[in-house]
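Visitor: My file is start33.tsv. It has TSV, C-alpha atoms and all ligand atoms:
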chain	number	residue	atom	x	y	z
O	1	MET	CA	0.00	0.00	0.00
O	2	PHE	CA	2.92	2.33	0.80
O	3	LEU	CA	6.65	2.44	0.05
O	4	ASP	CA	9.15	0.57	2.22
O	5	PRO	CA	10.38	3.31	4.62
O	6	HIS	CA	13.88	1.77	4.70
O	7	GLN	CA	14.43	1.75	0.93
O	8	PRO	CA	15.44	4.92	-0.94
O	9	ILE	CA	12.76	6.39	-3.20
O	10	ALA	CA	12.99	5.94	-7.00
O	11	THR	CA	14.82	9.22	-7.64
O	12	CYS	CA	17.35	8.80	-4.79
O	13	ALA	CA	20.86	7.66	-5.70
O	14	GLN	CA	21.67	6.37	-2.18
O	15	SER	CA	21.81	2.62	-1.58
O	16	SER	CA	20.07	2.79	1.81
O	17	CYS	CA	18.10	5.24	3.96
O	18	GLU	CA	19.97	4.10	7.05
O	19	GLY	CA	21.89	6.99	8.58
O	20	CYS	CA	20.50	9.54	6.13
O	21	PRO	CA	20.13	12.86	7.97
O	22	LEU	CA	16.95	13.57	5.98
O	23	HIS	CA	15.13	10.50	7.20
O	24	GLU	CA	13.60	12.30	10.18
O	25	VAL	CA	13.29	15.82	8.75
O	26	LEU	CA	11.94	15.29	5.23
O	27	HIS	CA	9.03	13.10	4.19
O	28	CYS	CA	10.51	10.83	1.52
O	29	HIS	CA	8.14	8.03	2.56
O	30	PHE	CA	4.48	8.07	3.53
O	31	GLY	CA	2.45	5.68	5.66
O	32	GLY	CA	-1.11	5.05	6.76
O	33	LYS	CA	-0.64	7.41	9.72
O	34	ASP	CA	0.21	10.29	7.36
O	35	LEU	CA	-2.81	9.57	5.19
O	36	ALA	CA	-5.12	9.32	8.26
O	37	ARG	CA	-3.76	12.60	9.62
O	38	PHE	CA	-4.34	14.36	6.30
O	39	LEU	CA	-7.92	13.06	6.10
O	40	ALA	CA	-8.57	14.14	9.70
O	41	PHE	CA	-7.40	17.67	8.83
O	42	VAL	CA	-9.63	18.10	5.78
O	43	ALA	CA	-12.71	16.04	6.71
O	44	PRO	CA	-14.34	18.68	9.02
O	45	ALA	CA	-14.22	21.36	6.29
O	46	PHE	CA	-15.54	18.93	3.68
O	47	ILE	CA	-18.44	17.75	5.88
O	48	LEU	CA	-19.43	21.27	7.02
O	49	GLY	CA	-19.20	22.65	3.48
O	50	GLY	CA	-21.27	19.73	2.19
O	51	ILE	CA	-23.99	20.30	4.80
O	52	GLY	CA	-24.25	24.00	3.92
O	53	ILE	CA	-24.49	23.36	0.18
O	54	TYR	CA	-26.95	20.48	0.55
O	55	HIS	CA	-29.44	22.77	2.31
O	56	LEU	CA	-29.91	24.66	-0.96
O	57	GLY	CA	-30.14	21.64	-3.23
O	58	ILE	CA	-28.47	18.31	-3.81
O	59	TRP	CA	-27.33	19.26	-7.34
O	60	PHE	CA	-25.20	22.08	-5.97
O	61	LEU	CA	-23.55	19.50	-3.75
O	62	VAL	CA	-23.06	17.11	-6.67
O	63	ALA	CA	-21.42	19.96	-8.63
O	64	TRP	CA	-19.03	20.61	-5.71
O	65	ILE	CA	-18.12	16.93	-5.39
O	66	VAL	CA	-17.50	16.65	-9.15
O	67	GLY	CA	-15.33	19.81	-9.03
O	68	PHE	CA	-13.52	18.48	-5.96
O	69	LEU	CA	-12.75	15.11	-7.55
O	70	SER	CA	-11.76	16.65	-10.91
O	71	TYR	CA	-9.43	19.12	-9.26
O	72	PHE	CA	-7.74	16.82	-6.72
O	73	GLY	CA	-7.90	13.75	-8.97
O	74	PHE	CA	-6.67	15.28	-12.25
O	75	THR	CA	-5.90	19.01	-12.44
O	76	GLU	CA	-3.76	19.17	-9.31
O	77	ILE	CA	-1.99	15.96	-10.30
O	78	ARG	CA	-0.96	17.50	-13.62
O	79	VAL	CA	0.11	20.95	-12.41
O	80	LEU	CA	1.59	20.04	-9.01
O	81	CYS	CA	2.11	16.33	-8.38
O	82	SER	CA	3.75	15.51	-11.72
O	83	HIS	CA	6.69	17.61	-10.42
O	84	CYS	CA	6.90	15.67	-7.14
O	85	PRO	CA	9.61	13.01	-6.59
O	86	HIS	CA	6.87	10.71	-5.34
O	87	TYR	CA	5.33	10.78	-8.83
O	88	ALA	CA	8.43	8.98	-10.12
O	89	GLU	CA	7.61	5.84	-8.12
O	90	GLU	CA	6.41	2.73	-9.95
O	91	GLY	CA	2.67	2.16	-10.37
O	92	SER	CA	-0.22	3.87	-12.06
O	93	SER	CA	-1.52	5.79	-9.03
O	94	LEU	CA	-0.17	7.93	-6.19
O	95	LYS	CA	0.40	6.40	-2.77
O	96	CYS	CA	1.21	9.45	-0.66
O	97	TRP	CA	-0.32	11.34	2.27
O	98	ALA	CA	-2.66	13.40	0.08
O	99	ASN	CA	-4.23	12.48	-3.26
O	100	TYR	CA	-3.82	8.80	-2.44
O	101	GLY	CA	-5.08	6.74	-5.37
O	102	SER	CA	-5.12	9.55	-7.93
O	103	PRO	CA	-4.13	8.27	-11.39
O	104	LYS	CA	-0.74	9.17	-12.88
O	105	LEU	CA	-1.82	9.98	-16.42
O	106	TRP	CA	1.13	12.23	-17.24
O	107	ARG	CA	4.87	11.70	-17.33
O	108	TYR	CA	7.03	12.65	-14.38
O	109	ARG	CA	8.35	16.21	-14.84
O	110	PRO	CA	11.07	17.01	-12.27
O	111	GLY	CA	11.94	20.68	-11.81
O	112	PRO	CA	9.92	23.80	-11.00
O	113	MET	CA	6.28	24.54	-11.82
O	114	SER	CA	5.60	27.24	-14.41
O	115	SER	CA	3.77	30.42	-13.39
O	116	VAL	CA	0.65	29.17	-15.18
O	117	GLU	CA	0.76	25.89	-13.26
O	118	LYS	CA	1.14	27.76	-9.97
O	119	ALA	CA	-1.79	30.02	-10.84
O	120	ILE	CA	-4.03	27.05	-11.76
O	121	PHE	CA	-3.03	25.24	-8.56
O	122	LEU	CA	-3.77	28.20	-6.26
O	123	LEU	CA	-6.91	29.32	-8.11
O	124	GLY	CA	-8.26	25.77	-7.94
O	125	LEU	CA	-7.79	25.67	-4.16
O	126	ILE	CA	-9.54	29.04	-3.76
O	127	LEU	CA	-12.49	27.97	-5.94
O	128	ILE	CA	-12.95	24.58	-4.26
O	129	PHE	CA	-12.81	25.91	-0.71
O	130	GLY	CA	-14.58	29.19	-1.53
O	131	TYR	CA	-17.53	27.48	-3.30
O	132	PRO	CA	-19.57	26.72	-0.12
O	133	LEU	CA	-19.40	30.31	1.19
O	134	PRO	CA	-22.15	31.85	-1.04
O	135	PHE	CA	-24.48	29.03	0.04
O	136	PHE	CA	-24.02	29.92	3.70
O	137	LEU	CA	-24.62	33.58	2.90
O	138	VAL	CA	-27.77	32.99	0.79
O	139	ALA	CA	-29.20	30.87	3.62
O	140	SER	CA	-28.02	33.45	6.21
O	141	ASN	CA	-26.35	30.59	8.00
O	142	TRP	CA	-23.74	32.71	9.74
O	143	ILE	CA	-22.75	30.19	12.36
O	144	LEU	CA	-22.07	27.46	9.82
O	145	ALA	CA	-20.16	29.99	7.68
O	146	LEU	CA	-17.99	30.82	10.67
O	147	VAL	CA	-17.38	27.21	11.70
O	148	TYR	CA	-16.63	26.24	8.08
O	149	SER	CA	-14.14	29.11	7.70
O	150	ALA	CA	-12.50	28.08	10.98
O	151	ALA	CA	-12.28	24.45	9.77
O	152	VAL	CA	-10.64	25.54	6.48
O	153	ALA	CA	-8.23	27.87	8.29
O	154	GLY	CA	-7.43	25.11	10.82
O	155	ALA	CA	-6.78	22.52	8.09
O	156	TYR	CA	-4.56	24.98	6.22
O	157	THR	CA	-2.55	25.87	9.33
O	158	LEU	CA	-2.09	22.26	10.43
O	159	MET	CA	-1.00	21.20	6.95
O	160	ARG	CA	1.46	24.08	6.66
O	161	LYS	CA	2.95	23.14	10.02
O	162	THR	CA	3.13	19.36	9.70
O	163	MET	CA	3.23	18.65	5.96
O	164	CYS	CA	4.44	21.61	3.87
O	165	SER	CA	7.39	22.00	6.25
O	166	GLN	CA	8.63	18.48	5.34
O	167	CYS	CA	7.38	17.96	1.80
O	168	MET	CA	9.87	16.88	-0.87
O	169	ASN	CA	7.97	18.60	-3.67
O	170	PHE	CA	10.04	21.79	-3.77
O	171	ALA	CA	8.17	22.95	-6.89
O	172	CYS	CA	5.04	23.69	-4.86
O	173	PRO	CA	4.55	27.42	-4.09
O	174	LEU	CA	3.43	26.45	-0.57
O	175	ASN	CA	6.54	24.37	0.22
O	176	LEU	CA	8.27	25.41	3.45
O	177	VAL	CA	11.44	23.28	3.39
O	178	ASP	CA	14.51	25.44	4.04
O	179	GLU	CA	17.47	25.80	1.68
O	180	ALA	CA	19.82	23.57	3.72
O	181	ARG	CA	17.47	20.56	3.59
O	182	ARG	CA	16.70	21.21	-0.08
O	183	ALA	CA	20.41	21.14	-0.87
O	184	GLU	CA	20.90	17.86	1.07
O	185	PHE	CA	17.98	16.26	-0.78
O	186	LEU	CA	19.15	17.46	-4.20
O	187	LYS	CA	22.64	16.07	-3.48
O	188	ARG	CA	21.06	12.63	-3.09
O	189	ASN	CA	18.64	13.04	-6.02
O	190	PRO	CA	20.81	14.08	-8.97
O	191	GLN	CA	18.10	13.78	-11.65
O	192	ILE	CA	15.99	16.35	-9.79
O	193	ALA	CA	18.99	18.61	-9.13
O	194	GLU	CA	19.77	18.56	-12.86
O	195	ALA	CA	16.19	19.46	-13.80
O	196	TRP	CA	16.23	22.45	-11.42
O	197	LYS	CA	19.59	23.58	-12.80
O	198	GLN	CA	18.30	23.47	-16.39
O	199	GLU	CA	15.25	25.58	-15.52
O	201	LIG	S1	17.07	11.28	0.68
O	201	LIG	FE1	17.21	9.16	-0.07
O	201	LIG	S2	18.38	8.09	1.48
O	201	LIG	FE2	17.66	9.98	2.43
O	201	LIG	S3	15.73	9.41	3.44
O	201	LIG	FE3	15.23	10.19	1.39
O	201	LIG	S4	15.12	8.35	0.11
O	201	LIG	FE4	16.22	7.78	1.98
O	202	LIG	S1	2.82	16.88	-4.25
O	202	LIG	FE1	1.94	16.03	-2.36
O	202	LIG	S2	0.03	15.12	-3.01
O	202	LIG	FE2	1.25	15.39	-4.85
O	202	LIG	S3	2.40	13.48	-5.13
O	202	LIG	FE3	3.69	14.83	-3.94
O	202	LIG	S4	3.27	14.30	-1.84
O	202	LIG	FE4	1.59	13.49	-3.06
What is this file in structure tokens?

Guide:
Amino acid sequence: MFLDPHQPIATCAQSSCEGCPLHEVLHCHFGGKDLARFLAFVAPAFILGGIGIYHLGIWFLVAWIVGFLSYFGFTEIRVLCSHCPHYAEEGSSLKCWANYGSPKLWRYRPGPMSSVEKAIFLLGLILIFGYPLPFFLVASNWILALVYSAAVAGAYTLMRKTMCSQCMNFACPLNLVDEARRAEFLKRNPQIAEAWKQE
């Protein structure tokens, strides 16, 4: 279901993860605990948003779910995940802490995201998580609007703190890994270092 946490990832030129200083400070491998934590972060916002939309009609909710699945299952995979080292692993779908199971329809593209890709990625997030707000306002459901906004802000903050700060996808505009750890990772992943140099 997940990668062997003791074996280097596909892009890594090391023969073993044993003794690697990045093992504890960068997320090269993902497990069920990471996936469960991610789902726990986003589930409250998704459930609250769904309740608010459903009050005004099931088809609005269906439209949100379709948009949600299209964005996180396809669009985000193309613009963001296809740049991630995890995308280079074997198999036809992702097995990471977020987007688990999303199909890998495109080739792996190490190196930075273009400005257009960044814009699509960020705009998509705003549209998906902003979509429920007008429904709360039309229904004058201020309390739900407040709780939903708090759930989105909470999920964002927790993810920034626990995931973006250790994520090996340096192409992402939300990545928080510092230069020293980036340099250590690129030293061990020459194909990625080369792609960044060329860009
Ligand atoms: S950089 Fe390579 S050796 Fe180090 S933890 Fe990641 S996969 Fe393992
Ligand atoms: S960018 Fe995040 S969600 Fe996408 S493949 Fe990498 S770890 Fe998974």

Visitor: Show me, as an NGL selection string, the residues that have an atom within 12 Å of range 62-65 of chain O when counting all atoms listed in the file, minus same-chain residues fewer than 5 positions from it.

Guide: :O and (46-47 or 49-54 or 56-57 or 70-73 or 127-133 or 135)

Visitor: Would you kindly identify which residues have an atom no farther than 12 Å from (-0.8, 21.5, 9.4), using all atoms listed in the file and the file's own coordinates, and write them out as a list in words?

Guide: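 Within 12 Å of (-0.8, 21.5, 9.4), the protein and nucleic acid residues are Asp34, Arg37, Phe38, Leu39, Ala40, Phe41, Val42, Ala151, Val152, Ala153, Gly154, Ala155, Tyr156, Thr157, Leu158, Met159, Arg160, Lys161, Thr162, Met163, Cys164, Ser165, Gln166, Cys167, Leu174 and Leu176 of chain O.
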
Visitor: Between atom FE2 of ligand LIG 201 (chain O) and CA of Lys187 in chain O, what is the distance in Å, rounded to a tenth?

Guide: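 Between atom FE2 of ligand LIG 201 (chain O) and CA of Lys187 in chain O the gap is 9.8 Å.
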
Visitor: Taking all atoms listed in the file and a cut-off of 6 Å, can you tell me which residues surround ligand LIG 201 (chain O), written as a PyMOL selection string?

Guide: chain O and resi 8-9+12+14+16-17+20+22-23+28+185+188

Visitor: Using all atoms listed in the file, determine which residues lie at most 12 Å from Ser93 in chain O, disregarding the query and same-chain residues fewer than 3 positions distant; provide the list as a list in words.

Guide: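 Near neighbours after the sequence-gap exclusion: Met1, Phe2, Gly73, Phe74, Ile77, Cys81, Ser82, His86, Tyr87, Ala88, Glu89, Glu90, Cys96, Ala98, Asn99, Tyr100, Gly101, Ser102, Pro103, Lys104, Leu105 and Trp106 of chain O.
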
Visitor: Selection from above, C-alpha atoms, as a compact mmCIF listing (two decimals), in the coordinates of the input, can you write it?

Guide:
# COMPACT_ATOMS: atom_id res chain seq x y z
CA MET O 1 0.00 0.00 0.00
CA PHE O 2 2.92 2.33 0.80
CA GLY O 73 -7.90 13.75 -8.97
CA PHE O 74 -6.67 15.28 -12.25
CA ILE O 77 -1.99 15.96 -10.30
CA CYS O 81 2.11 16.33 -8.38
CA SER O 82 3.75 15.51 -11.72
CA HIS O 86 6.87 10.71 -5.34
CA TYR O 87 5.33 10.78 -8.83
CA ALA O 88 8.43 8.98 -10.12
CA GLU O 89 7.61 5.84 -8.12
CA GLU O 90 6.41 2.73 -9.95
CA CYS O 96 1.21 9.45 -0.66
CA ALA O 98 -2.66 13.40 0.08
CA ASN O 99 -4.23 12.48 -3.26
CA TYR O 100 -3.82 8.80 -2.44
CA GLY O 101 -5.08 6.74 -5.37
CA SER O 102 -5.12 9.55 -7.93
CA PRO O 103 -4.13 8.27 -11.39
CA LYS O 104 -0.74 9.17 -12.88
CA LEU O 105 -1.82 9.98 -16.42
CA TRP O 106 1.13 12.23 -17.24

Visitor: Within 9 Å of range 114-126 of chain O, counting only C-alpha atoms, which residues qualify if same-chain residues fewer than 6 places away don't, as a ChimeraX atom specification?

Guide: /O:71,75-76,78-80,172-173

Visitor: Between O:Val177, O:Leu61, O:Ala13, O:Met168, which one has atoms that come closest to ligand LIG 202 (chain O), using all atoms listed in the file?

Guide: O:Met168

Visitor: Please supply range 39-50 of chain O, rebuilt with all heavy atoms, as an mmCIF file, in the frame of the given file.

Guide:
data_model
loop_
_atom_site.group_PDB
_atom_site.id
_atom_site.type_symbol
_atom_site.label_atom_id
_atom_site.label_comp_id
_atom_site.auth_asym_id
_atom_site.auth_seq_id
_atom_site.Cartn_x
_atom_site.Cartn_y
_atom_site.Cartn_z
ATOM 1 N N LEU O 39 -6.456 13.160 6.218
ATOM 2 C CA LEU O 39 -7.920 13.060 6.100
ATOM 3 C C LEU O 39 -8.600 13.704 7.317
ATOM 4 O O LEU O 39 -9.630 14.365 7.187
ATOM 5 C CB LEU O 39 -8.346 11.597 5.955
ATOM 6 C CG LEU O 39 -7.911 10.935 4.641
ATOM 7 C CD1 LEU O 39 -8.272 9.456 4.619
ATOM 8 C CD2 LEU O 39 -8.525 11.637 3.430
ATOM 9 N N ALA O 40 -7.996 13.534 8.494
ATOM 10 C CA ALA O 40 -8.570 14.140 9.700
ATOM 11 C C ALA O 40 -8.520 15.671 9.616
ATOM 12 O O ALA O 40 -9.422 16.354 10.096
ATOM 13 C CB ALA O 40 -7.802 13.661 10.935
ATOM 14 N N PHE O 41 -7.497 16.208 8.979
ATOM 15 C CA PHE O 41 -7.400 17.670 8.830
ATOM 16 C C PHE O 41 -8.490 18.216 7.916
ATOM 17 O O PHE O 41 -9.091 19.246 8.196
ATOM 18 C CB PHE O 41 -6.041 18.059 8.223
ATOM 19 C CG PHE O 41 -4.862 17.887 9.154
ATOM 20 C CD1 PHE O 41 -3.566 17.996 8.661
ATOM 21 C CD2 PHE O 41 -5.026 17.632 10.508
ATOM 22 C CE1 PHE O 41 -2.465 17.851 9.501
ATOM 23 C CE2 PHE O 41 -3.939 17.481 11.358
ATOM 24 C CZ PHE O 41 -2.653 17.587 10.849
ATOM 25 N N VAL O 42 -8.724 17.518 6.795
ATOM 26 C CA VAL O 42 -9.630 18.100 5.780
ATOM 27 C C VAL O 42 -11.090 17.673 5.927
ATOM 28 O O VAL O 42 -11.982 18.362 5.442
ATOM 29 C CB VAL O 42 -9.157 17.791 4.330
ATOM 30 C CG1 VAL O 42 -7.833 18.454 4.041
ATOM 31 C CG2 VAL O 42 -9.089 16.305 4.061
ATOM 32 N N ALA O 43 -11.333 16.559 6.616
ATOM 33 C CA ALA O 43 -12.710 16.040 6.710
ATOM 34 C C ALA O 43 -13.691 17.050 7.327
ATOM 35 O O ALA O 43 -14.798 17.237 6.784
ATOM 36 C CB ALA O 43 -12.735 14.721 7.474
ATOM 37 N N PRO O 44 -13.362 17.747 8.448
ATOM 38 C CA PRO O 44 -14.340 18.680 9.020
ATOM 39 C C PRO O 44 -14.796 19.740 8.014
ATOM 40 O O PRO O 44 -16.001 20.006 7.891
ATOM 41 C CB PRO O 44 -13.592 19.321 10.192
ATOM 42 C CG PRO O 44 -12.541 18.318 10.558
ATOM 43 C CD PRO O 44 -12.153 17.658 9.276
ATOM 44 N N ALA O 45 -13.863 20.325 7.268
ATOM 45 C CA ALA O 45 -14.220 21.360 6.290
ATOM 46 C C ALA O 45 -15.115 20.763 5.196
ATOM 47 O O ALA O 45 -16.111 21.378 4.784
ATOM 48 C CB ALA O 45 -12.963 21.974 5.674
ATOM 49 N N PHE O 46 -14.770 19.560 4.754
ATOM 50 C CA PHE O 46 -15.540 18.930 3.680
ATOM 51 C C PHE O 46 -16.975 18.630 4.151
ATOM 52 O O PHE O 46 -17.945 18.901 3.443
ATOM 53 C CB PHE O 46 -14.830 17.661 3.215
ATOM 54 C CG PHE O 46 -15.476 17.034 2.029
ATOM 55 C CD1 PHE O 46 -15.396 17.653 0.782
ATOM 56 C CD2 PHE O 46 -16.189 15.852 2.128
ATOM 57 C CE1 PHE O 46 -16.011 17.100 -0.333
ATOM 58 C CE2 PHE O 46 -16.804 15.287 1.031
ATOM 59 C CZ PHE O 46 -16.711 15.913 -0.207
ATOM 60 N N ILE O 47 -17.104 18.108 5.364
ATOM 61 C CA ILE O 47 -18.440 17.750 5.880
ATOM 62 C C ILE O 47 -19.282 19.015 6.114
ATOM 63 O O ILE O 47 -20.443 19.093 5.688
ATOM 64 C CB ILE O 47 -18.305 16.929 7.190
ATOM 65 C CG1 ILE O 47 -17.685 15.561 6.873
ATOM 66 C CG2 ILE O 47 -19.656 16.751 7.875
ATOM 67 C CD1 ILE O 47 -17.203 14.787 8.073
ATOM 68 N N LEU O 48 -18.682 20.024 6.743
ATOM 69 C CA LEU O 48 -19.430 21.270 7.020
ATOM 70 C C LEU O 48 -19.842 21.963 5.730
ATOM 71 O O LEU O 48 -20.978 22.439 5.581
ATOM 72 C CB LEU O 48 -18.578 22.211 7.874
ATOM 73 C CG LEU O 48 -18.350 21.750 9.324
ATOM 74 C CD1 LEU O 48 -17.209 22.534 9.956
ATOM 75 C CD2 LEU O 48 -19.622 21.926 10.126
ATOM 76 N N GLY O 49 -18.905 22.026 4.781
ATOM 77 C CA GLY O 49 -19.200 22.650 3.480
ATOM 78 C C GLY O 49 -20.325 21.895 2.790
ATOM 79 O O GLY O 49 -21.264 22.493 2.254
ATOM 80 N N GLY O 50 -20.264 20.571 2.831
ATOM 81 C CA GLY O 50 -21.270 19.730 2.190
ATOM 82 C C GLY O 50 -22.651 19.959 2.793
ATOM 83 O O GLY O 50 -23.647 20.049 2.077
#
